[in-house]
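Chemist: The structure follows.
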2 protein chains.
Amino acid sequence: MRLGAIAVLAAMIYSIPAVALQQFQNNLMPQPAQITVDSGRLALDSTFAVEVPGVSDARLNAAIDRAVRRIEMAAGLRHAGRGVASATRIIVKVDRSAGLVQSIDEDESYSLTVTSSVAEIHAPTEVGAMHGLETLIQLVQPGTSGYVIPAVTIHDTPRFRWRGLMVDCGRHFEPIAVLERTLDGMAAVKLNVFHWHLTEDQGFRMQSLAYPALTAKGSDGLFYTQQEARDLVTYARARGIRVVPEFEMPGHSAAWLVAYPDLASGTRPDGIRREFGISDTAIDPTREATYIFIDRFLTEMAGIFPDAYIHIGGDETPAPDWKTNPRILAFMKTHDLKDNDALQAYFNTRVLKTIARLHRHMIGWDEVLTPGLPKDVVVQSWRGEASLFKGAKLGYAGVLSAPYYLDAMKTAGEHYLADPLPSSSDLTPEERKLILGGEICMWAEHIDERTIDSRIWPRTAAIAERLWSPEGVRDVDDMYRRLSPVSIELESLGLTHLRQRDAALRELAGTENIEELRTLASVLEPVSFSNRSQAQHTDQLTPLSGFVDAVRPDPVERHWFEAAVKRFLTDPKGDTADRGALAAWFAALSAAVAPVQQQMAASPRLAELQVRASQLPALIAMGQQAMQSLVEGRKVDAGWKGRQNQILEEIRKPSALVRFNILEGMSDLVQAVSE
Amino acid sequence: MRLGAIAVLAAMIYSIPAVALQQFQNNLMPQPAQITVDSGRLALDSTFAVEVPGVSDARLNAAIDRAVRRIEMAAGLRHAGRGVASATRIIVKVDRSAGLVQSIDEDESYSLTVTSSVAEIHAPTEVGAMHGLETLIQLVQPGTSGYVIPAVTIHDTPRFRWRGLMVDCGRHFEPIAVLERTLDGMAAVKLNVFHWHLTEDQGFRMQSLAYPALTAKGSDGLFYTQQEARDLVTYARARGIRVVPEFEMPGHSAAWLVAYPDLASGTRPDGIRREFGISDTAIDPTREATYIFIDRFLTEMAGIFPDAYIHIGGDETPAPDWKTNPRILAFMKTHDLKDNDALQAYFNTRVLKTIARLHRHMIGWDEVLTPGLPKDVVVQSWRGEASLFKGAKLGYAGVLSAPYYLDAMKTAGEHYLADPLPSSSDLTPEERKLILGGEICMWAEHIDERTIDSRIWPRTAAIAERLWSPEGVRDVDDMYRRLSPVSIELESLGLTHLRQRDAALRELAGTENIEELRTLASVLEPVSFSNRSQAQHTDQLTPLSGFVDAVRPDPVERHWFEAAVKRFLTDPKGDTADRGALAAWFAALSAAVAPVQQQMAASPRLAELQVRASQLPALIAMGQQAMQSLVEGRKVDAGWKGRQNQILEEIRKPSALVRFNILEGMSDLVQAVSE
């Protein structure tokens, strides 16, 4: 989609007439628990001073310095300093220092009061104050001359205690710089758990001094040193984020076994596994040596990761060896373990002893929930809400992940509406307390360090709101209105989710002339993980440099288009801005086809897009004809709708690993026409 | 400029009809010393194998792995592996390992022969082989199906031994990740010296264990640890790049003196200096304690930086204390030092003793060239070619920097034509040998980690060609033709010089709708360092988040426009693609004005641009009227040209820290019209 045309739309929907610059624009994401809009505003037109009258520890001071710098950059001015006299002041008052290790029960609340001379944050600890600073930054808006912070009173506290993002650094390694900017983005939208998936069949990413072969043989040299991990934990803590490390066992463990094949149940990997999917290798749960190894390893890791939780994975362990290896079968008989599930439960119970000795709690994926699992274990639900609720009814605390898989390539709106604990649920009040929150999952089969940001952001911001804000905050249109500025805020933190697309398109086309390609890219998005897996064989070494890797899931234009169609349909005969914008946009799309096809002919990596480019004219004609019919109040010829639906069906078929994101809007237009 | 319109131009100038895909496209930058184009091509349509039949050390292997991965990403395929059978092979043969420390006299030559089945690089050492790999990557081009490497025979060796880039990390700190990608870019265009400007009045950036207060008090916490510095030296060496550290003395040393005020000549700084410009503080050259300090410090640094050269700065030291401090005056009298220059020469001689003891050579800026300077010292010429040649005539080796100051915001073409050693120079053959090469300088008053890339790249690639390729390679149009793909290659290495502009524009406008703003941004560029310094007071803490920081120096559209005007003027009445493209482009620029003005009204940080936006209509009208007159062969009204020249003069006046880059092209159009 050509933004020039969409700008007409956007101008109408979002742009702000000068007079409205004095009004409060509620762009906050996540929305606070309570907000009252007062009259007036704090003008950031020359400078401001900062006061820290309460607790003033190093973590809080660093957070204030970062926030003040962001306000300076956003408002294009310099602050006056700490504790100096100034007509305008930002005051951050904290009652007590939070503990060294952030607890799941940390008080994250804060209040924020802005008047025409003072913006004051007050919080029990610096964790709440950091959230308050992020809110303050999001409040900065253009005024008639310079920037302002509107007068508001906010009392805020999160709905859920566990608001996480998991990043799989096993299948593809992510450099520390990527993780740091991810943490910056998480802090901006008030997420508080970074779940670091550190081991996979495809790579063991965490240095062990006790077992150096884990990375020497299992990582291709791509791993985090202990110092880097410690520094990342510090970096996260400085932003109010806990780091929960995950070491997958007994399955997804080929990389452990490459290094230490004696740990295997029978099948030994012949090298780091490049293929994705479920592997047959598994750690042997029947040997004492296994538990000595794990005990020593986890003890070492506990010295690096102070969080109260250690994630042991535990998912997808078919372990065929457990059904055939005579030694293992004999062990199962001796210990009265009737099947693989029972053997894995035995394994978990043994590992739990180490974790308990380390004064930590265990968390694992769905599959750990087997009869006899101690109630202290937290279950991360990846197979659906049902298993989360089932766990709660059995007395297990749980974290919901199933509806927050970013590689499903769903829209922000779909993720947004998935509630971990709808008021309609039949859980008892006690059971409801066991739902700790949710975790967004970024699995890494199809991402690398160049593409990860556009897969995580900005959709993660919408889910972050689901986990922080009151259940009733669920207006999808309003969420998208706010997602756009928050997306830009996230880029200002160094994330690359918007800019990466054009960079990738320039590489694909071999030129800076990508206006039309960008137009095409805005109506296409990557297919889901499962669709891509069916259509293309990828493994860990596949170059992720195709068009599918360039385009974004749920680009901003998709919702704009659907919203414009909806509004147009309420008054199709009116001379509305939407009508003009849609027409202009169809024309721009149409004009893009020929130049893009020319570029495809000269760029083999774009060639597979030919199918999609050739489908576009019929799609545009469909929209134009539907609009014309609706504008003129004329019926279309008999059979027209059937033909259009056929075209839509044809276009829905997989091709080039990308799908059109405008089919819903088009379909709305077609169905509105009378035949 | 709107690329959609320019695309018409570009399509004509640069795009490749399918039939031409079989032809060799010489996109190499720098151009090799010798190239013969053969018939045929190596097809990269399925896979290829790699052979390393000669020396195969870790550095070479890592370089090959990186290069192979880039070819895989560019061609969208996987290679077959090392030493396996394949119809197509890349062979890298090296005769001997280069030394541990890269010498200024390193043999950097290589040859590269591509046939339909083999691409073979042959080099004396891995340094040449690395250059050959970069050439190989630049040879990859689209074919009719998949990518190809055209059959060529290349014999290549650099014209100059010293091809450097200096980055000032003192005035603004640059994170290691920025420096790493800078080194990647340097390697891609065969630069071989990274001159690391580590100390400034505004910050001491290198950790010293002997003198920890240097960074504890002089860096705001923004410094490189010794481990980071060692790792960066290793990173550079892995890419065939020497690292020359610079520790400025006796001037530009406020940060030393903040930490160790006893070193001062009298005036003591009252904190890290935030103001730019020349300061009055200087290290005291009259005390033995000074030399003990410097000796111990440089000895420590020599353990981190293995290069044969240590840069001591030495520029801009007015040192008024040396004219007034009675103790210093007495010292000068005792030692028969008649003025400040003589005292600084004494200082340099003393420091040189330490450097000689460390078996290193000294390099310094112009000002070190004073009577009595030992011949072993290299002079880096920042005040002009004259001082370089003067040095050579006196027997001093020199490196030219004066014409390569990136903050002068000159065009790539201007930098490109500045030759360190034109054949017209009157130096003797012996004196010519003393011109070691050139160094590009990136001073950091007005850059930060977000903007540095667009200031360095892609212009630096053009200068790199000046320093590598034969003197006769100086066709500016052809340079620009090749600069465009090399710019995209540089972005694929992680540099952000192209993508940062749009990200910054989104932040400034607070929206993703930046099509028109981008159009405006493409005809504007930052004013020079000196013009900005006159127009705006900046110091180290000024937020660099304005429009001037977003726009690029010499964007690709500037040369395209001027070239299109030149071609149009050769046949103004013809129905040429240039004529159409120029007209379309004027229309696009014109259409951008109103939407951009609307955005400016809602974004205070864009407001200062109003002047430039309001000048654009007259500028476009000028171009349109001139074209119409030329196309129709009609004379314009008397006085028209005078009025247009007045408009151009008015528009040349400073405003908003940015200048139009289309005034030359417009002026060409105006002057061509008959009155």
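Just so we're on the same page: first chain in the structure tokens is A, next is B, and so on; residues restart at 1 for each chain, and ligands are numbered from 1 in the order they show up.
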Give me the residues near A:Val92 as an MDAnalysis selection string, where near means some atom within 6 Å (using only C-alpha atoms) and where sequence neighbours in that chain fewer than 5 positions away do not count.

Modeler: chainID A and resid 52 120:121

Chemist: Output as a count of residues only all residues of stretch 322-406 of chain A that backbone DSSP marks as helix (DSSP H, G or I).

Modeler: 47

Chemist: Measuring atom to atom with only C-alpha atoms, identify which of B:Met249, B:Ala255, B:Ala607, B:Ala594 is nearest to B:Gly218.

Modeler: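 Smallest separation from B:Gly218 among the options: B:Ala255.
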
Chemist: Excluding same-chain residues fewer than 3 positions from stretch 400-409 of chain B, what lies within 10 Å of it counting only C-alpha atoms, as a PyMOL selection string?

Modeler: chain B and resi 162-166+365-366+379-389+412+414-421+435-447+455-457+459-460+463+525-531+552-554

Chemist: Taking only stretch 354-566 of chain B into account, list the residues labelled strand (DSSP E or B) by DSSP (computed from the backbone), as a ChimeraX atom specification.

Modeler: /B:361-365,378-381,398-400,405,435-442,524-526

Chemist: When you look at A:Leu648 with a cut-off of 9 Å (counting only C-alpha atoms), what residues show up, excluding the ones that are within fewer than 5 positions of it in the same chain? I need them as a PyMOL selection string.

Modeler: chain A and resi 619+643+653+663+666-667

Chemist: When distances are computed from only C-alpha atoms, which of B:Asp539, B:Asp549, B:Glu106, B:Glu465 shows the smallest separation from B:Ala504?

Modeler: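 Closest candidate: B:Asp549.
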
Chemist: Report as a PyMOL selection string all protein, DNA and RNA residues lying within 9 Å of B:Glu180, evaluated on only C-alpha atoms, omitting residues in the same chain fewer than 3 positions from it.

Modeler: chain B and resi 175-177+183-185+232+235-236

Chemist: Any idea what the distance is between atom CA of B:Ala345 and atom CA of B:Ala229?

Modeler: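 Pair atom CA of B:Ala345 / atom CA of B:Ala229 returns 29.9 Å.
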
Chemist: Need the shell around B:Leu198: protein/DNA/RNA residues with any atom at most 8 Å away, counting only C-alpha atoms. Skip same-chain ones fewer than 2 positions apart. Format as number ranges by chain?

Modeler: B: 168-170, 196, 200, 204-206, 245-248

Chemist: What does the file look like for those residues with N, CA, C and O atoms, as an mmCIF file, in the first residue's frame?

Modeler:
```cif
data_model
loop_
_atom_site.group_PDB
_atom_site.id
_atom_site.type_symbol
_atom_site.label_atom_id
_atom_site.label_comp_id
_atom_site.auth_asym_id
_atom_site.auth_seq_id
_atom_site.Cartn_x
_atom_site.Cartn_y
_atom_site.Cartn_z
ATOM 1 N N ASP B 168 36.067 9.763 15.640
ATOM 2 C CA ASP B 168 36.199 10.506 16.892
ATOM 3 C C ASP B 168 35.186 9.944 17.890
ATOM 4 O O ASP B 168 33.984 10.191 17.775
ATOM 5 N N CYS B 169 35.684 9.166 18.826
ATOM 6 C CA CYS B 169 34.801 8.610 19.863
ATOM 7 C C CYS B 169 34.907 9.419 21.149
ATOM 8 O O CYS B 169 34.383 9.007 22.187
ATOM 9 N N GLY B 170 35.591 10.553 21.069
ATOM 10 C CA GLY B 170 35.766 11.386 22.244
ATOM 11 C C GLY B 170 34.591 12.326 22.463
ATOM 12 O O GLY B 170 34.003 12.366 23.537
ATOM 13 N N TRP B 196 41.538 5.267 15.716
ATOM 14 C CA TRP B 196 40.566 5.339 16.808
ATOM 15 C C TRP B 196 40.905 6.527 17.689
ATOM 16 O O TRP B 196 41.827 6.450 18.514
ATOM 17 N N GLU B 200 39.489 13.140 24.094
ATOM 18 C CA GLU B 200 39.115 14.495 23.691
ATOM 19 C C GLU B 200 38.830 15.309 24.942
ATOM 20 O O GLU B 200 38.692 14.737 26.033
ATOM 21 N N PHE B 204 37.371 10.865 27.912
ATOM 22 C CA PHE B 204 38.504 9.942 27.825
ATOM 23 C C PHE B 204 37.893 8.551 27.731
ATOM 24 O O PHE B 204 37.268 8.080 28.670
ATOM 25 N N ARG B 205 38.057 7.876 26.604
ATOM 26 C CA ARG B 205 37.251 6.689 26.319
ATOM 27 C C ARG B 205 37.959 5.360 26.515
ATOM 28 O O ARG B 205 37.361 4.312 26.274
ATOM 29 N N MET B 206 39.237 5.382 26.883
ATOM 30 C CA MET B 206 39.982 4.126 26.977
ATOM 31 C C MET B 206 40.344 3.841 28.419
ATOM 32 O O MET B 206 40.999 4.652 29.064
ATOM 33 N N PRO B 245 45.629 3.705 17.562
ATOM 34 C CA PRO B 245 44.941 4.465 18.617
ATOM 35 C C PRO B 245 45.494 5.883 18.697
ATOM 36 O O PRO B 245 46.687 6.094 18.456
ATOM 37 N N GLU B 246 44.623 6.820 19.032
ATOM 38 C CA GLU B 246 45.084 8.199 19.236
ATOM 39 C C GLU B 246 44.773 8.656 20.652
ATOM 40 O O GLU B 246 43.646 8.528 21.122
ATOM 41 N N PHE B 247 45.818 9.168 21.299
ATOM 42 C CA PHE B 247 45.686 9.779 22.621
ATOM 43 C C PHE B 247 46.175 11.209 22.486
ATOM 44 O O PHE B 247 47.374 11.442 22.340
ATOM 45 N N GLU B 248 45.234 12.136 22.497
ATOM 46 C CA GLU B 248 45.573 13.536 22.197
ATOM 47 C C GLU B 248 46.390 14.159 23.313
ATOM 48 O O GLU B 248 45.981 14.151 24.474
#
```

Chemist: Please identify all polymer residues within 8 Å of stretch 25-40 of chain A, counting only C-alpha atoms, omitting same-chain residues fewer than 3 positions from it, and present them as a ChimeraX atom specification.

Modeler: /A:115-116,135,138-139,141,150-158,189-190,461-462,464-466,468-470,473,481-483,485-486

Chemist: Point out the residue among B:Asp231, B:Asp201, B:Glu516, B:Asp668 with the least atom-to-atom distance to chain A, counting only C-alpha atoms.

Modeler: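 With only C-alpha atoms as the atom set, the closest residue is B:Glu516.
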
Chemist: Please indicate the distance in Å from atom CA of A:Gly580 to atom CA of A:Phe660, rounded to one decimal place.

Modeler: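 Between atom CA of A:Gly580 and atom CA of A:Phe660 the gap works out to 22.2 Å.
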
Chemist: Please determine, counting only C-alpha atoms, which residue among B:Glu431, B:Glu650, B:Glu72, B:Asp45 has the shortest atom-to-atom distance to B:Gly143.

Modeler: B:Asp45

Chemist: Counting only C-alpha atoms, which residue out of A:Glu515, A:Glu664, A:Asp578, A:Asp284 sits closest to chain B?

Modeler: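 Comparing A:Glu515, A:Glu664, A:Asp578, A:Asp284 against chain B, the winner is A:Glu515.
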
Chemist: Which residue gives the smallest distance to A:Ala602 among B:Glu449, B:Ser219, B:Pro142, B:Val243, with only C-alpha atoms counted?

Modeler: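 Of B:Glu449, B:Ser219, B:Pro142, B:Val243, the one nearest A:Ala602 is B:Pro142, counting only C-alpha atoms.
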